[in-house]
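Chemist: I'd like to ask you about the structure that follows.
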Amino acid sequence: LRDSRMRLISEHMILPSRPLKASQIVDTSVDLDNVVPGLLEVCAAGLPGWQHLCANGHLKDLTLQQIQGGITNKLFKCACPDADPPEILLRIYGENTEILIDRQREIKLLSHLGEKAMCPRVLAVFKNGRIEQFVRGRSLQPEEMGRDGMIEMIAARLAELHLIRDFDKSGDAVTSELWPTLSRYMQIARSCEFDSPEQVAKFRSLDLDAIAQQIAAMREVTSCVASPVVLAHNDLLSGNLLLRDDGEKLYMIDYEYGMFNYRGYDIGNHFEEYAGFECDYARYPVKETQFKFFTAYLATINPGAEVTKEQLEAMHVEVNSYAIISHLFWGLWAVAQAKYSSIDFDFLSYAKMRFNAFYDQKTRFLTL
């Protein structure tokens with residue numbers, strides 16, 4: 001729902017990047033209905049390997065291919081054989097996405113991770129989007145995430161992100177941004193007004209007062225469940241897992257919702273995404289599959305240390321306690337999308353489905 005389901009990508013390797021220079025931040029916008037002029041202006045100002053080709057306002061042999069499937073953003077593969085790099089990814093942000101997404105924070109996080117070669121490099125930034133490294137590979141399908149080998153690879157990548165301790169912090173302690181974010185999303189959702197009788201009826205059926213009570217209850221319940229605060233992805237669905245063409249490297253991409261959060265939430269949200277495009281939450285991973293994930297995760301966090309049964313059982317309680325909160329998060333997200341997104345999709349029905357999934361899983365998960 002929130003991802004680009006299949007990406008065309010072109011470079012084999014992701015190499016460490018440097019912090020963005022002032023010249024790479026371009027004070028212009030790219031018109032979604034007329035991409036090329038804005039693209040040339042951004043490249044001429046911000047990409048040294050493209051500047052000499054863009055200076056006259058046109059680019060010989062430029063090919064532009066829209067990558068289908070994204071909802072939050074519009075993506076284009078831009079290729080020119082005489083440029084360096086010869087292929088780049090143009091990302092144009094969706095309308096009103098800044099209501100939910102802190103773009104400055106996102107760029108800061110992407111630049112930080114790019115320095116560690118953990119995600120595609122940001123090459124230039126403009127008012128309503130950015131240009132990124134284009135990497136050869138494909139996004140996963142939902143059913144692949146639970147396969148042996150892939151479980152362990154995903155767990156290792158997520159653990160590497162969670163081990164980062166040098167991003168955007170003052171002092172040694174960080175606090176989770178989950179509850180403030182849910183509070184902000186609730187405020188946005190409550191402020192939404194709809195015109196059509198059908199939308200009004202769907203909106204009222206969500207019963208946001210009851211959802212607010214559930215958020216407060218889950219905050220109290222999880223306060224008794226130990227879960228370290230880590231730098232989290234928070235949107236690790238199949239489309240945000242990029243497998244290099246040689247199958248040897250897996251990257252996590254699209255950190256729009258990246259923030260400090262509880263480890264249990266980040267892993268639990270990923271498990272909820274086993275549901276796939278059909279949102280079939282019966283596909284939520286069984287305990288045996290979860291233990292495979294936890295074992296690989298802990299082996300990356302503490303290399304060489306024995307992973308005990310007690311650790312696995314504790315993570316099982318932790319992750320499943322936090323997993324259901326993701327339904328509240330994405331349900332509120334969907335209400336805002338219903339109001340502000342230009343995408344033709346029934347977001348209010350999606351919100352209802354996520355809230356129903358929360359109630360369905362709550363009793364089972366909190367009695368583990």
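Chain labels A, B, ... are given in the sequence in which chains occur in the structure tokens; within each chain residues are numbered consecutively from 1, and ligands are likewise numbered from 1 in the order shown.
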Out of region 104-317 of chain A, which residues get strand (DSSP E) from DSSP, as a count of residues only?
Modeler: 28
Chemist: Using DSSP on the backbone coordinates, identify the residues of region 157-289 of chain A assigned to alpha helix (DSSP H); present them as number ranges by chain.
Modeler: A: 157-162, 178-191, 197-205, 208-222, 263-272, 287-289
Chemist: Which of these residues is nearest to Met252 (chain A), using only C-alpha atoms: A:Val225, A:Met118, A:Leu110, A:Ala79?
Modeler: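 Of all the options, A:Met118 lies closest to Met252 (chain A).
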Chemist: Could you check which of A:Asn302, A:Ser321, A:Asn96, A:Ser139 is closest to Gly239 (chain A), using only C-alpha atoms?
Modeler: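 Of A:Asn302, A:Ser321, A:Asn96, A:Ser139, the one nearest Gly239 (chain A), counting only C-alpha atoms, is A:Ser139.
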Chemist: Just the residues within 10 Å of region 196-200 of chain A, please, counting only C-alpha atoms, with nothing from its chain fewer than 5 positions along; format it as JSON, numbers by chain.
Modeler: {"A": [205, 338, 339, 346, 347, 348, 349]}
Chemist: May I have the residues within 12 Å of Lys352 (chain A) as a PyMOL selection string, using only C-alpha atoms and disregarding those fewer than 2 positions away in the same chain?
Modeler: chain A and resi 201-208+211+327-328+330-335+338+346-350+354-359
Chemist: One decimal, Å: what's the distance from CA of Ala159 (chain A) over to CA of Lys292 (chain A), could you say?
Modeler: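 One can read the CA of Ala159 (chain A) to CA of Lys292 (chain A) distance as 13.6 Å.
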Chemist: Just the number, please: distance in Å from CA of Glu132 (chain A) to CA of Gly268 (chain A), one decimal.
Modeler: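 One can read the CA of Glu132 (chain A) to CA of Gly268 (chain A) distance as 28.8 Å.
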Chemist: Return the single residue from A:Gln65, A:Asn234, A:Ser176, A:Gln214 that is closest to Lys362 (chain A), with distances computed using only C-alpha atoms.
Modeler: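 Among the listed residues, A:Gln214 lies closest to Lys362 (chain A).
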Chemist: What's around Ser227 (chain A) at 6 Å? Count only C-alpha atoms, leave out sequence neighbours fewer than 5 positions away in its own chain, and write the answer as a PyMOL selection string.
Modeler: chain A and resi 262-264
Chemist: Could you save those same residues with N, CA and C atoms as a PDB file, in the first residue's frame?
Modeler:
```pdb
ATOM      1  N   TYR A 262      10.714   2.023  20.067  1.00  0.00           N
ATOM      2  CA  TYR A 262      10.970   0.780  20.776  1.00  0.00           C
ATOM      3  C   TYR A 262      11.320  -0.322  19.775  1.00  0.00           C
ATOM      4  N   ARG A 263      12.321  -1.095  20.131  1.00  0.00           N
ATOM      5  CA  ARG A 263      12.729  -2.228  19.299  1.00  0.00           C
ATOM      6  C   ARG A 263      11.545  -3.138  18.998  1.00  0.00           C
ATOM      7  N   GLY A 264      10.726  -3.394  20.011  1.00  0.00           N
ATOM      8  CA  GLY A 264       9.586  -4.279  19.835  1.00  0.00           C
ATOM      9  C   GLY A 264       8.623  -3.784  18.777  1.00  0.00           C
TER      10      GLY A 264
END
```
Chemist: For Glu106 (chain A), list every protein, DNA or RNA residue within 9 Å, evaluated using only C-alpha atoms, and leave out those in the same chain fewer than 2 positions away; present the list as a ChimeraX atom specification.
Modeler: /A:101-104,108-111,255-259
Chemist: Using only C-alpha atoms, pick whichever of A:Ala299, A:Leu20, A:Arg136, A:Gly46 has the shortest atom-to-atom distance to Leu250 (chain A).
Modeler: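 Using only C-alpha atoms, the shortest distance to Leu250 (chain A) belongs to A:Arg136.
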Chemist: By how many Å are CA of Val122 (chain A) and CA of His162 (chain A) apart?
Modeler: 21.1 Å
